[in-house]
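Note: the block below is entry-v2.cif and it holds mmCIF, C-alpha atoms and all ligand atoms.
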data_target
loop_
_atom_site.label_atom_id
_atom_site.label_comp_id
_atom_site.auth_asym_id
_atom_site.auth_seq_id
_atom_site.Cartn_x
_atom_site.Cartn_y
_atom_site.Cartn_z
CA MET I 871 -26.16 11.52 -33.12
CA GLU I 872 -23.66 9.01 -34.52
CA ILE I 873 -20.69 8.08 -32.35
CA GLY I 874 -17.67 6.94 -34.35
CA PHE I 875 -15.66 4.63 -32.10
CA LEU I 876 -11.98 3.84 -32.46
CA ASP I 877 -12.71 0.69 -30.45
CA PRO I 878 -15.35 -1.54 -32.09
CA SER I 879 -16.07 -3.30 -28.78
CA LEU I 880 -17.90 -0.13 -27.68
CA ALA I 881 -20.55 -0.40 -30.43
CA PRO I 882 -22.68 -3.09 -28.69
CA ILE I 883 -22.50 -1.04 -25.49
CA LEU I 884 -23.84 1.99 -27.35
CA GLU I 885 -26.73 -0.16 -28.58
CA LYS I 886 -27.56 -1.14 -25.01
CA VAL I 887 -27.27 2.43 -23.76
CA GLU I 888 -29.55 3.67 -26.53
CA ALA I 889 -32.10 0.96 -25.82
CA GLY I 890 -32.00 1.80 -22.09
CA ARG I 891 -30.72 -1.70 -21.30
CA ARG I 892 -28.61 -2.28 -18.21
CA LEU I 893 -24.87 -2.87 -18.68
CA ASP I 894 -23.52 -6.05 -17.13
CA PHE I 895 -20.18 -7.03 -15.60
CA GLU I 896 -18.64 -7.84 -19.01
CA ASP I 897 -19.67 -4.44 -20.36
CA GLY I 898 -18.04 -2.77 -17.37
CA MET I 899 -14.83 -4.68 -18.03
CA ALA I 900 -14.93 -3.85 -21.76
CA LEU I 901 -15.26 -0.16 -20.90
CA TYR I 902 -12.33 -0.34 -18.49
CA HIS I 903 -10.16 -2.28 -20.98
CA SER I 904 -10.87 0.07 -23.85
CA HIS I 905 -8.21 2.58 -24.84
CA ASP I 906 -10.84 4.64 -26.63
CA LEU I 907 -11.23 7.07 -23.75
CA ILE I 908 -13.04 9.59 -25.89
CA GLY I 909 -15.47 6.88 -27.05
CA VAL I 910 -16.18 5.79 -23.46
CA GLY I 911 -16.54 9.44 -22.49
CA ARG I 912 -19.03 10.12 -25.27
CA LEU I 913 -21.15 7.17 -24.16
CA ALA I 914 -21.15 8.51 -20.60
CA ASP I 915 -21.83 12.03 -21.82
CA ARG I 916 -24.85 10.79 -23.73
CA VAL I 917 -26.33 9.33 -20.53
CA ARG I 918 -25.35 12.41 -18.51
CA ARG I 919 -27.00 14.77 -20.98
CA GLY I 920 -30.15 12.63 -21.00
CA ARG I 921 -30.46 13.13 -17.24
CA HIS I 922 -29.13 16.64 -16.71
CA GLY I 923 -28.86 18.39 -20.08
CA ARG I 924 -26.20 21.09 -19.83
CA THR I 925 -26.58 21.64 -16.11
CA ALA I 926 -23.60 21.13 -13.82
CA TYR I 927 -23.97 21.54 -10.07
CA TYR I 928 -21.88 22.76 -7.17
CA VAL I 929 -22.62 23.44 -3.52
CA TYR I 930 -21.45 26.12 -1.10
CA ASN I 931 -20.22 23.97 1.76
CA GLN I 932 -17.88 23.75 4.72
CA HIS I 933 -15.99 20.66 5.90
CA ILE I 934 -15.45 19.98 9.58
CA ASN I 935 -13.29 16.98 10.53
CA TYR I 936 -14.06 16.87 14.24
CA THR I 937 -11.37 14.33 15.21
CA ASN I 938 -8.51 12.47 13.55
CA VAL I 939 -8.19 9.98 16.40
CA CYS I 940 -9.18 6.64 14.93
CA ARG I 941 -8.96 3.07 16.11
CA ASN I 942 -9.24 1.61 12.60
CA ARG I 943 -5.87 2.75 11.21
CA CYS I 944 -6.58 1.83 7.57
CA ARG I 945 -3.42 1.40 5.52
CA PHE I 946 -4.52 3.93 2.90
CA CYS I 947 -5.19 6.74 5.39
CA ALA I 948 -2.84 9.65 6.18
CA PHE I 949 -5.36 11.47 8.34
CA ALA I 950 -5.79 9.12 11.33
CA ARG I 951 -3.75 9.25 14.55
CA ASP I 952 -3.64 7.29 17.79
CA LYS I 953 -4.87 9.24 20.80
CA ALA I 954 -1.40 10.00 22.22
CA GLU I 955 0.33 10.49 18.87
CA THR I 956 1.74 13.86 17.76
CA GLY I 957 -0.83 15.68 15.68
CA ALA I 958 -3.84 13.92 17.21
CA TYR I 959 -6.78 16.28 17.77
CA THR I 960 -10.42 16.29 18.80
CA TYR I 961 -12.50 19.44 18.55
CA THR I 962 -14.45 20.62 21.55
CA LEU I 963 -17.89 22.05 20.87
CA ASP I 964 -16.30 25.48 21.26
CA ASP I 965 -13.75 24.62 18.55
CA VAL I 966 -16.62 23.67 16.25
CA ARG I 967 -18.51 26.86 17.10
CA GLU I 968 -15.38 28.88 16.33
CA ARG I 969 -15.00 27.22 12.93
CA LEU I 970 -18.63 27.83 12.06
CA PHE I 971 -18.55 31.46 13.23
CA SER I 972 -15.35 32.13 11.32
CA ARG I 973 -17.42 31.78 8.13
CA ILE I 974 -20.79 32.88 9.40
CA HIS I 975 -21.24 35.63 6.80
CA GLU I 976 -20.85 33.18 3.92
CA PRO I 977 -23.99 31.59 2.44
CA ILE I 978 -23.04 28.04 3.36
CA ARG I 979 -25.71 25.49 2.46
CA GLU I 980 -24.14 22.28 3.68
CA VAL I 981 -21.88 21.33 6.58
CA HIS I 982 -19.96 18.14 5.78
CA MET I 983 -18.77 16.65 9.06
CA VAL I 984 -16.83 13.39 9.38
CA GLY I 985 -14.06 12.11 11.63
CA GLY I 986 -12.18 9.08 12.83
CA VAL I 987 -13.66 6.34 15.00
CA ASN I 988 -12.50 7.83 18.29
CA PRO I 989 -13.17 5.41 21.18
CA SER I 990 -12.93 8.18 23.81
CA LEU I 991 -15.97 10.14 22.62
CA PRO I 992 -19.34 9.37 24.23
CA PHE I 993 -22.52 9.21 22.18
CA SER I 994 -23.65 12.51 23.73
CA TYR I 995 -20.71 14.26 22.00
CA TYR I 996 -22.15 13.40 18.57
CA ILE I 997 -25.63 14.57 19.51
CA ASP I 998 -24.20 17.83 20.89
CA LEU I 999 -22.12 18.25 17.76
CA LEU I 1000 -25.21 18.06 15.56
CA LYS I 1001 -27.18 20.39 17.84
CA THR I 1002 -24.34 22.92 17.83
CA VAL I 1003 -24.19 23.00 14.04
CA ARG I 1004 -27.96 23.18 13.76
CA GLU I 1005 -28.12 26.08 16.21
CA ILE I 1006 -25.46 28.13 14.43
CA ARG I 1007 -26.36 27.11 10.88
CA PRO I 1008 -30.12 26.50 10.96
CA HIS I 1009 -30.49 26.77 7.17
CA ALA I 1010 -27.66 24.40 6.25
CA VAL I 1011 -28.09 20.65 5.74
CA ILE I 1012 -25.81 18.67 8.03
CA LYS I 1013 -24.27 15.87 5.96
CA ALA I 1014 -22.40 13.92 8.58
CA PHE I 1015 -20.99 10.60 9.75
CA THR I 1016 -20.12 7.88 7.25
CA ALA I 1017 -21.60 4.39 7.52
CA VAL I 1018 -18.48 3.50 9.55
CA GLU I 1019 -19.26 6.15 12.18
CA ILE I 1020 -22.97 5.27 12.17
CA ASP I 1021 -22.09 1.64 12.88
CA HIS I 1022 -19.85 2.76 15.76
CA LEU I 1023 -22.58 5.00 17.18
CA ALA I 1024 -25.16 2.22 16.97
CA GLY I 1025 -22.76 0.18 19.13
CA ILE I 1026 -21.71 2.75 21.77
CA SER I 1027 -25.20 4.14 22.23
CA GLY I 1028 -26.62 0.63 22.66
CA LEU I 1029 -29.50 1.73 20.45
CA GLY I 1030 -28.84 -0.33 17.34
CA LEU I 1031 -29.01 1.07 13.82
CA ASP I 1032 -32.63 2.13 13.44
CA ALA I 1033 -32.92 3.90 16.80
CA VAL I 1034 -29.53 5.58 16.55
CA LEU I 1035 -30.43 6.99 13.14
CA ALA I 1036 -33.71 8.31 14.55
CA ALA I 1037 -31.81 9.97 17.43
CA LEU I 1038 -29.24 11.52 15.09
CA LYS I 1039 -31.99 12.76 12.78
CA ALA I 1040 -33.82 14.34 15.69
CA ALA I 1041 -30.60 16.17 16.63
CA GLY I 1042 -30.21 17.61 13.12
CA LEU I 1043 -28.60 15.00 10.87
CA GLY I 1044 -29.81 15.65 7.33
CA MET I 1045 -27.83 13.36 5.07
CA ILE I 1046 -25.06 10.73 5.08
CA PRO I 1047 -21.81 11.18 3.11
CA GLY I 1048 -20.49 8.36 0.99
CA GLY I 1049 -17.14 7.64 2.62
CA GLY I 1050 -15.94 4.43 4.21
CA ALA I 1051 -17.04 2.13 1.38
CA GLU I 1052 -13.51 2.06 -0.07
CA VAL I 1053 -13.81 -1.07 -2.27
CA LEU I 1054 -16.72 -3.35 -1.43
CA ASN I 1055 -14.63 -6.49 -1.55
CA ASP I 1056 -13.38 -8.91 1.14
CA ARG I 1057 -9.87 -9.27 -0.28
CA VAL I 1058 -9.25 -5.53 -0.32
CA TRP I 1059 -10.93 -5.12 3.07
CA SER I 1060 -8.78 -7.77 4.78
CA THR I 1061 -5.58 -6.37 3.21
CA LEU I 1062 -6.12 -2.65 3.70
CA PHE I 1063 -8.72 -1.95 6.36
CA PRO I 1064 -9.50 -5.08 8.38
CA LYS I 1065 -10.51 -3.19 11.54
CA LYS I 1066 -13.18 -1.24 9.71
CA ILE I 1067 -16.67 -2.60 8.92
CA ASN I 1068 -16.66 -4.87 5.89
CA SER I 1069 -18.61 -4.51 2.68
CA GLU I 1070 -21.64 -6.42 3.88
CA ARG I 1071 -21.94 -4.25 6.96
CA TRP I 1072 -21.39 -1.04 4.97
CA LEU I 1073 -24.27 -2.02 2.69
CA ALA I 1074 -26.43 -3.04 5.67
CA VAL I 1075 -25.82 0.31 7.39
CA MET I 1076 -26.69 2.14 4.18
CA GLY I 1077 -29.85 0.03 3.89
CA ALA I 1078 -30.83 1.19 7.40
CA VAL I 1079 -29.96 4.80 6.50
CA HIS I 1080 -32.27 4.66 3.52
CA ARG I 1081 -35.00 2.99 5.61
CA ALA I 1082 -34.71 5.88 8.05
CA GLY I 1083 -35.60 8.22 5.19
CA LEU I 1084 -32.11 9.68 4.91
CA THR I 1085 -30.41 10.00 1.55
CA ALA I 1086 -26.76 9.07 1.28
CA ASN I 1087 -23.89 9.20 -1.17
CA ALA I 1088 -21.57 6.37 -2.14
CA THR I 1089 -17.87 6.32 -3.00
CA LEU I 1090 -15.15 4.09 -4.44
CA LEU I 1091 -11.53 4.53 -3.36
CA TYR I 1092 -9.57 3.52 -6.47
CA GLY I 1093 -5.97 3.44 -7.61
CA HIS I 1094 -4.30 1.27 -4.95
CA ILE I 1095 -4.36 -2.55 -4.80
CA GLU I 1096 -7.83 -3.14 -6.23
CA THR I 1097 -8.33 -4.83 -9.61
CA LEU I 1098 -10.58 -3.57 -12.38
CA GLU I 1099 -12.86 -6.58 -11.75
CA GLU I 1100 -13.20 -5.49 -8.13
CA ARG I 1101 -14.13 -1.96 -9.21
CA VAL I 1102 -16.83 -3.22 -11.56
CA ARG I 1103 -18.24 -5.58 -8.90
CA HIS I 1104 -18.28 -2.61 -6.51
CA PHE I 1105 -20.48 -0.67 -8.95
CA ILE I 1106 -22.81 -3.65 -9.29
CA ARG I 1107 -23.19 -4.06 -5.52
CA LEU I 1108 -24.05 -0.36 -5.14
CA ARG I 1109 -26.50 -0.58 -8.03
CA GLU I 1110 -28.23 -3.59 -6.47
CA LEU I 1111 -28.79 -1.78 -3.16
CA GLN I 1112 -30.00 1.28 -5.04
CA ASP I 1113 -32.52 -0.91 -6.92
CA ARG I 1114 -33.95 -1.98 -3.58
CA THR I 1115 -33.95 1.38 -1.73
CA GLY I 1116 -33.47 4.29 -4.14
CA GLY I 1117 -31.71 6.04 -1.25
CA PHE I 1118 -28.42 7.01 -2.91
CA SER I 1119 -28.11 10.46 -4.39
CA ALA I 1120 -24.56 10.82 -5.75
CA PHE I 1121 -21.60 8.59 -6.46
CA ILE I 1122 -18.10 9.99 -5.93
CA PRO I 1123 -14.98 8.22 -7.25
CA LEU I 1124 -12.09 8.95 -4.86
CA ALA I 1125 -8.60 8.83 -6.43
CA PHE I 1126 -6.10 7.34 -3.99
CA HIS I 1127 -3.34 9.66 -2.68
CA ALA I 1128 -0.40 7.72 -1.28
CA GLU I 1129 1.78 10.27 0.54
CA ASN I 1130 2.12 9.70 4.31
CA THR I 1131 0.23 6.39 4.08
CA GLN I 1132 1.46 2.81 4.45
CA LEU I 1133 1.14 2.53 0.66
CA SER I 1134 3.41 5.49 -0.08
CA ASP I 1135 5.34 3.58 -2.77
CA LEU I 1136 2.27 3.48 -5.03
CA PRO I 1137 2.15 5.93 -7.96
CA PRO I 1138 -0.70 8.45 -8.27
CA THR I 1139 -3.71 7.69 -10.45
CA THR I 1140 -3.47 8.89 -14.06
CA GLY I 1141 -5.72 11.40 -15.78
CA PHE I 1142 -6.81 8.61 -18.12
CA ASP I 1143 -7.94 6.42 -15.21
CA ASP I 1144 -9.62 9.32 -13.40
CA LEU I 1145 -11.73 10.23 -16.44
CA LYS I 1146 -12.39 6.57 -17.27
CA THR I 1147 -13.63 5.89 -13.76
CA VAL I 1148 -16.03 8.83 -13.84
CA ALA I 1149 -17.36 7.61 -17.20
CA VAL I 1150 -17.67 3.93 -16.21
CA ALA I 1151 -19.43 4.96 -13.00
CA ARG I 1152 -21.96 6.98 -15.00
CA LEU I 1153 -22.59 4.05 -17.34
CA MET I 1154 -22.72 1.25 -14.75
CA LEU I 1155 -24.62 3.19 -12.08
CA ASP I 1156 -27.69 3.68 -14.24
CA ASN I 1157 -29.90 4.22 -11.19
CA PHE I 1158 -27.79 6.98 -9.61
CA ASP I 1159 -28.80 10.52 -10.50
CA HIS I 1160 -25.51 12.21 -9.81
CA ILE I 1161 -21.85 11.50 -10.44
CA LYS I 1162 -19.43 13.89 -8.77
CA ALA I 1163 -16.05 14.91 -10.10
CA TYR I 1164 -14.51 15.67 -6.72
CA TRP I 1165 -11.99 18.37 -7.60
CA VAL I 1166 -10.05 17.92 -4.34
CA MET I 1167 -8.93 14.48 -5.48
CA ILE I 1168 -8.35 14.97 -9.20
CA GLY I 1169 -7.61 18.69 -9.32
CA GLU I 1170 -9.97 21.38 -10.49
CA LYS I 1171 -8.76 21.27 -14.10
CA LEU I 1172 -9.41 17.56 -14.62
CA ALA I 1173 -12.69 17.82 -12.68
CA GLN I 1174 -13.78 20.45 -15.19
CA VAL I 1175 -12.99 18.07 -18.08
CA ALA I 1176 -14.81 15.25 -16.27
CA LEU I 1177 -18.05 17.19 -16.79
CA SER I 1178 -17.85 15.95 -20.41
CA PHE I 1179 -17.16 12.37 -19.26
CA GLY I 1180 -20.33 11.75 -17.28
CA ALA I 1181 -20.00 13.94 -14.19
CA ASP I 1182 -22.70 16.48 -13.42
CA ASP I 1183 -21.40 17.89 -10.13
CA LEU I 1184 -18.11 19.39 -8.92
CA ASP I 1185 -19.00 19.02 -5.19
CA GLY I 1186 -18.27 22.12 -3.15
CA THR I 1187 -16.30 25.15 -2.16
CA ILE I 1188 -15.04 23.34 0.99
CA VAL I 1189 -12.30 25.81 2.15
CA GLU I 1190 -10.56 23.46 4.56
CA GLU I 1191 -10.11 19.89 3.31
CA LYS I 1192 -7.87 17.69 5.45
CA ILE I 1193 -8.18 13.99 4.54
CA THR I 1194 -6.74 14.18 1.02
CA HIS I 1195 -4.35 17.04 1.68
CA MET I 1196 -2.69 15.08 4.48
CA ALA I 1197 -2.14 12.37 1.85
CA GLY I 1198 -0.39 14.81 -0.50
CA ALA I 1199 -3.18 16.35 -2.60
CA THR I 1200 -1.87 19.36 -4.52
CA SER I 1201 -5.29 20.87 -5.28
CA PRO I 1202 -6.22 24.05 -3.39
CA LYS I 1203 -7.88 23.55 0.02
CA GLY I 1204 -10.95 25.44 -1.12
CA LEU I 1205 -12.44 27.14 -4.18
CA ALA I 1206 -14.45 30.36 -4.37
CA ARG I 1207 -18.03 30.09 -5.58
CA GLU I 1208 -17.17 32.31 -8.56
CA GLU I 1209 -14.33 29.95 -9.51
CA MET I 1210 -16.62 26.89 -9.38
CA ALA I 1211 -19.10 28.68 -11.64
CA ARG I 1212 -16.32 29.80 -13.99
CA LEU I 1213 -14.90 26.27 -14.33
CA ILE I 1214 -18.35 24.97 -15.23
CA ALA I 1215 -19.25 27.77 -17.64
CA CYS I 1216 -15.88 27.57 -19.45
CA ALA I 1217 -16.56 23.86 -20.08
CA GLY I 1218 -19.81 24.76 -21.86
CA PHE I 1219 -22.21 23.87 -19.05
CA THR I 1220 -24.67 25.94 -17.04
CA PRO I 1221 -23.54 26.33 -13.43
CA VAL I 1222 -26.28 25.71 -10.90
CA GLU I 1223 -25.64 26.26 -7.22
CA ARG I 1224 -27.53 23.56 -5.33
CA ASP I 1225 -28.38 22.47 -1.82
CA SER I 1226 -27.60 18.97 -0.53
CA PHE I 1227 -30.68 17.58 -2.29
CA TYR I 1228 -29.84 19.07 -5.68
CA ARG I 1229 -32.47 21.77 -5.36
CA PRO I 1230 -31.24 24.90 -7.13
CA VAL I 1231 -30.36 27.68 -4.73
CA ALA I 1232 -31.21 31.25 -5.63
CA ALA I 1233 -29.89 33.84 -3.23
CA ALA I 1234 -28.70 31.94 -0.19
CA PRO I 1235 -29.46 33.74 3.07
CA ILE I 1236 -26.59 34.92 5.22
CA GLU I 1237 -26.75 33.25 8.63
CA THR I 1238 -26.50 35.32 11.75
CA GLY I 1239 -25.50 32.42 13.98
CA GLY I 1240 -28.68 31.73 15.89
CA GLY I 1241 -29.86 35.32 16.27
CA SER I 1242 -26.65 37.19 17.12
O1 LIG C 1 -13.84 7.52 3.46
C1 LIG C 1 -9.05 8.33 2.85
C2 LIG C 1 -11.11 8.47 1.39
C3 LIG C 1 -13.02 9.39 2.17
C4 LIG C 1 -7.54 8.70 1.39
O2 LIG C 1 -20.46 12.12 0.26
C5 LIG C 1 -8.77 8.82 0.76
O3 LIG C 1 -20.51 14.04 -0.71
C6 LIG C 1 -7.75 9.28 -1.22
O4 LIG C 1 -15.99 10.24 1.48
N1 LIG C 1 -6.52 9.15 -0.69
C7 LIG C 1 -13.60 10.66 2.76
N2 LIG C 1 -8.89 9.10 -0.52
C8 LIG C 1 -14.07 11.59 1.66
C9 LIG C 1 -15.48 11.31 1.24
C10 LIG C 1 -16.27 12.34 0.55
C11 LIG C 1 -15.64 13.43 -0.01
C12 LIG C 1 -16.42 14.39 -0.66
C13 LIG C 1 -17.77 14.29 -0.74
C14 LIG C 1 -18.39 13.20 -0.15
C15 LIG C 1 -19.87 13.10 -0.20
C16 LIG C 1 -17.65 12.20 0.48
O5 LIG C 1 -11.76 9.69 1.62
C17 LIG C 1 -12.73 8.24 3.08
C18 LIG C 1 -11.81 7.42 2.23
O6 LIG C 1 -12.54 6.61 1.35
N3 LIG C 1 -9.68 8.56 1.70
N4 LIG C 1 -7.72 8.41 2.67
C19 LIG C 1 -6.36 8.86 0.61
N5 LIG C 1 -5.15 8.72 1.12
#
Once you've parsed the file, please lay out its structure as structure tokens.
Ligand code: V47
Amino acid sequence: MEIGFLDPSLAPILEKVEAGRRLDFEDGMALYHSHDLIGVGRLADRVRRGRHGRTAYYVYNQHINYTNVCRNRCRFCAFARDKAETGAYTYTLDDVRERLFSRIHEPIREVHMVGGVNPSLPFSYYIDLLKTVREIRPHAVIKAFTAVEIDHLAGISGLGLDAVLAALKAAGLGMIPGGGAEVLNDRVWSTLFPKKINSERWLAVMGAVHRAGLTANATLLYGHIETLEERVRHFIRLRELQDRTGGFSAFIPLAFHAENTQLSDLPPTTGFDDLKTVAVARLMLDNFDHIKAYWVMIGEKLAQVALSFGADDLDGTIVEEKITHMAGATSPKGLAREEMARLIACAGFTPVERDSFYRPVAAAPIETGGGS
């Protein structure tokens, strides 16, 4: 099919895409600089359709943010608190049980569990957390602990990366979420999140995760102080690790929300940039299977449109999202399964409910909570 571009600089990129040739840094910049959003979107859609046809995925999931106490205090974060600060919380195992049981009759396939780097919690807490979820939700995949938390656990357990991952796996860890990468760049790291692991360490932890046989996602936090060059370099660094390990499953662009953060004077991302970033990610990350349009960040309406700009997944039902809503997100806190399917179908795609590994789910079993 012919693509008529308004921007002639996209034509050589189409040639590369059609020949299956890898896009380079300059191509990434040309895509970002182009005002032909529809042209960029059609390029991304071509690649998306080659991989996934008309399928668009979603997952029935539950988020649990077990603590907001965090010693890193990143400047872009509205979620974190110091231990003694108003609003600080840490769930006990009973709190976690209560949250899981409150939704026990729903066919939840994935429990997404992340929190702050809380120096008061012993390693045994994390193991017990995983065991608790596994006991109550034996059929769900536990996608938990970003590379930042894994690094912390390797330190406090004294086990190092490989052994800590083995211990977490044995306790029920099934997959690693993509958070904590932010922008894989030293300038952005030292300005916005200097107490957190840097880009080299994030990539090293993810390398260990993949070596341990765990799949992981990857993210980019965009729309703050980063430059377009830094975004494109971020994609290339992720792509290089993926070439070596093949361990990444999905990429999720995260649109920065400024409210209640130290960057609260920054404007929100635009719809143009949100769609462009989904499309550029699809085109640059040629070795990633899945690109998520995370509706929490960009709203469910734009996420639906993003399915035609390279995304093949809307993420999940969620129900109680905290990190972005504390930073002013106006999207709902959760979406019903029927609404996810409707958004996808109305955009001309076939909704497929999936598990964490993109296996289609037929009739998900209702858990009884470990035999009760
Ligand atoms: O690591 C923090 C980001 C991430 C803000 O792997 C913010 O399937 C916007 O990683 N504005 C957590 N973003 C979310 C995340 C995620 C979400 C959904 C699915 C998956 C997955 C991963 O949110 C953090 C950070 O990068 N974040 N503060 C903010 N103010």
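Using only C-alpha atoms, the residues found no farther than 8 Å from Pro1221 of chain I, other than those of its own chain fewer than 3 positions away, are Thr925, Ala926, Tyr927, Tyr928, Ala1211, Ile1214 and Ala1215 of chain I.
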Expected answer as JSON, numbers by chain: residues within 6 Å of ligand LIG 1 (chain C), only C-alpha atoms and all ligand atoms: {"I": [946, 947, 948, 1047, 1048, 1049, 1050, 1052, 1087, 1091, 1124, 1125, 1126, 1127, 1128, 1193, 1194, 1197]}
Using all atoms listed in the file, what residues lie at most 12 Å away from (-9.2, 5.1, -25.1) (file coordinates), given as a JSON list (two decimals) with C-alpha atoms, in the frame of the given file?
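Wrote it out as result-v3.json, contents follow:
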[["chain", "number", "residue", "atom", "x", "y", "z"],
["I", 875, "PHE", "CA", -15.66, 4.63, -32.10],
["I", 876, "LEU", "CA", -11.98, 3.84, -32.46],
["I", 877, "ASP", "CA", -12.71, 0.69, -30.45],
["I", 878, "PRO", "CA", -15.35, -1.54, -32.09],
["I", 879, "SER", "CA", -16.07, -3.30, -28.78],
["I", 880, "LEU", "CA", -17.90, -0.13, -27.68],
["I", 900, "ALA", "CA", -14.93, -3.85, -21.76],
["I", 901, "LEU", "CA", -15.26, -0.16, -20.90],
["I", 902, "TYR", "CA", -12.33, -0.34, -18.49],
["I", 903, "HIS", "CA", -10.16, -2.28, -20.98],
["I", 904, "SER", "CA", -10.87, 0.07, -23.85],
["I", 905, "HIS", "CA", -8.21, 2.58, -24.84],
["I", 906, "ASP", "CA", -10.84, 4.64, -26.63],
["I", 907, "LEU", "CA", -11.23, 7.07, -23.75],
["I", 908, "ILE", "CA", -13.04, 9.59, -25.89],
["I", 909, "GLY", "CA", -15.47, 6.88, -27.05],
["I", 910, "VAL", "CA", -16.18, 5.79, -23.46],
["I", 911, "GLY", "CA", -16.54, 9.44, -22.49],
["I", 912, "ARG", "CA", -19.03, 10.12, -25.27],
["I", 1141, "GLY", "CA", -5.72, 11.40, -15.78],
["I", 1142, "PHE", "CA", -6.81, 8.61, -18.12],
["I", 1143, "ASP", "CA", -7.94, 6.42, -15.21],
["I", 1145, "LEU", "CA", -11.73, 10.23, -16.44],
["I", 1146, "LYS", "CA", -12.39, 6.57, -17.27],
["I", 1149, "ALA", "CA", -17.36, 7.61, -17.20]]
Within 12 Å of file point (-11.1, 20.5, 3.1), counting all atoms listed in the file, expressed as number ranges by chain: I: 931-935, 949, 981-984, 1164-1167, 1185-1196, 1199, 1201-1205
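Atom CA of Lys1039 of chain I to atom CA of Gly1025 of chain I spans 16.8 Å [interatomic distance, one decimal].
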Using all atoms listed in the file, determine which residues lie at most 10 Å from Ser1027 of chain I, disregarding the query and same-chain residues fewer than 5 positions distant; provide the list as an mmCIF file with C-alpha atoms, in the frame of the given file.
data_model
loop_
_atom_site.group_PDB
_atom_site.id
_atom_site.type_symbol
_atom_site.label_atom_id
_atom_site.label_comp_id
_atom_site.auth_asym_id
_atom_site.auth_seq_id
_atom_site.Cartn_x
_atom_site.Cartn_y
_atom_site.Cartn_z
ATOM 1 C CA PRO I 992 -19.340 9.370 24.230
ATOM 2 C CA PHE I 993 -22.520 9.210 22.180
ATOM 3 C CA SER I 994 -23.650 12.510 23.730
ATOM 4 C CA HIS I 1022 -19.850 2.760 15.760
ATOM 5 C CA ALA I 1033 -32.920 3.900 16.800
ATOM 6 C CA VAL I 1034 -29.530 5.580 16.550
#
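Separating atom CA of Ala889 of chain I from atom CA of Phe1121 of chain I is a distance of 23.3 Å.
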Might I get the box with edges along x, y and z of the file that holds all atoms of segment 1175-1193 of chain I listed there, padded by 5 Å on every side, given as centre and edge lengths in Å to one decimal, as JSON?
{"center_x": -15.3, "center_y": 18.8, "center_z": -7.5, "size_x": 24.8, "size_y": 24.1, "size_z": 35.9}
Close residues, Glu1100 of chain I itself excluded, 12 Å, only C-alpha atoms, min 6 positions apart in chain, as number ranges by chain: I: 895, 898-899, 902, 1052-1059, 1090-1094, 1106-1107
Given only C-alpha atoms as the counted atoms, nearest of I:Glu1110, I:Glu1019, I:Asp998, I:Glu1070 to Gly1042 of chain I: I:Asp998
Who sits within 6 Å of Gly985 of chain I, all atoms listed in the file, same chain under 5 positions skipped, as a list in words: Asn935, Tyr936, Thr937 and Asn938 of chain I
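Nearest to Thr1147 of chain I of all the residues I:Leu1184, I:Ala1163, I:Cys1216, I:Leu1133 is I:Ala1163, based on only C-alpha atoms.
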Write out as a CSV table (one decimal) with C-alpha atoms, keeping the file's coordinate frame each polymer residue whose atoms come within 12 Å of segment 966-978 of chain I, counting all atoms listed in the file; drop sequence neighbours fewer than 5 positions from it.
chain,number,residue,atom,x,y,z
I,928,TYR,CA,-21.9,22.8,-7.2
I,929,VAL,CA,-22.6,23.4,-3.5
I,930,TYR,CA,-21.4,26.1,-1.1
I,931,ASN,CA,-20.2,24.0,1.8
I,932,GLN,CA,-17.9,23.8,4.7
I,933,HIS,CA,-16.0,20.7,5.9
I,934,ILE,CA,-15.4,20.0,9.6
I,935,ASN,CA,-13.3,17.0,10.5
I,936,TYR,CA,-14.1,16.9,14.2
I,937,THR,CA,-11.4,14.3,15.2
I,960,THR,CA,-10.4,16.3,18.8
I,961,TYR,CA,-12.5,19.4,18.6
I,983,MET,CA,-18.8,16.6,9.1
I,995,TYR,CA,-20.7,14.3,22.0
I,996,TYR,CA,-22.2,13.4,18.6
I,998,ASP,CA,-24.2,17.8,20.9
I,999,LEU,CA,-22.1,18.2,17.8
I,1000,LEU,CA,-25.2,18.1,15.6
I,1001,LYS,CA,-27.2,20.4,17.8
I,1002,THR,CA,-24.3,22.9,17.8
I,1003,VAL,CA,-24.2,23.0,14.0
I,1004,ARG,CA,-28.0,23.2,13.8
I,1005,GLU,CA,-28.1,26.1,16.2
I,1006,ILE,CA,-25.5,28.1,14.4
I,1007,ARG,CA,-26.4,27.1,10.9
I,1008,PRO,CA,-30.1,26.5,11.0
I,1009,HIS,CA,-30.5,26.8,7.2
I,1010,ALA,CA,-27.7,24.4,6.2
I,1011,VAL,CA,-28.1,20.6,5.7
I,1012,ILE,CA,-25.8,18.7,8.0
I,1186,GLY,CA,-18.3,22.1,-3.2
I,1187,THR,CA,-16.3,25.2,-2.2
I,1188,ILE,CA,-15.0,23.3,1.0
I,1189,VAL,CA,-12.3,25.8,2.2
I,1190,GLU,CA,-10.6,23.5,4.6
I,1206,ALA,CA,-14.4,30.4,-4.4
I,1207,ARG,CA,-18.0,30.1,-5.6
I,1223,GLU,CA,-25.6,26.3,-7.2
I,1224,ARG,CA,-27.5,23.6,-5.3
I,1225,ASP,CA,-28.4,22.5,-1.8
I,1226,SER,CA,-27.6,19.0,-0.5
I,1231,VAL,CA,-30.4,27.7,-4.7
I,1232,ALA,CA,-31.2,31.2,-5.6
I,1233,ALA,CA,-29.9,33.8,-3.2
I,1234,ALA,CA,-28.7,31.9,-0.2
I,1235,PRO,CA,-29.5,33.7,3.1
I,1236,ILE,CA,-26.6,34.9,5.2
I,1237,GLU,CA,-26.8,33.2,8.6
I,1238,THR,CA,-26.5,35.3,11.8
I,1239,GLY,CA,-25.5,32.4,14.0
I,1240,GLY,CA,-28.7,31.7,15.9
I,1241,GLY,CA,-29.9,35.3,16.3
I,1242,SER,CA,-26.6,37.2,17.1
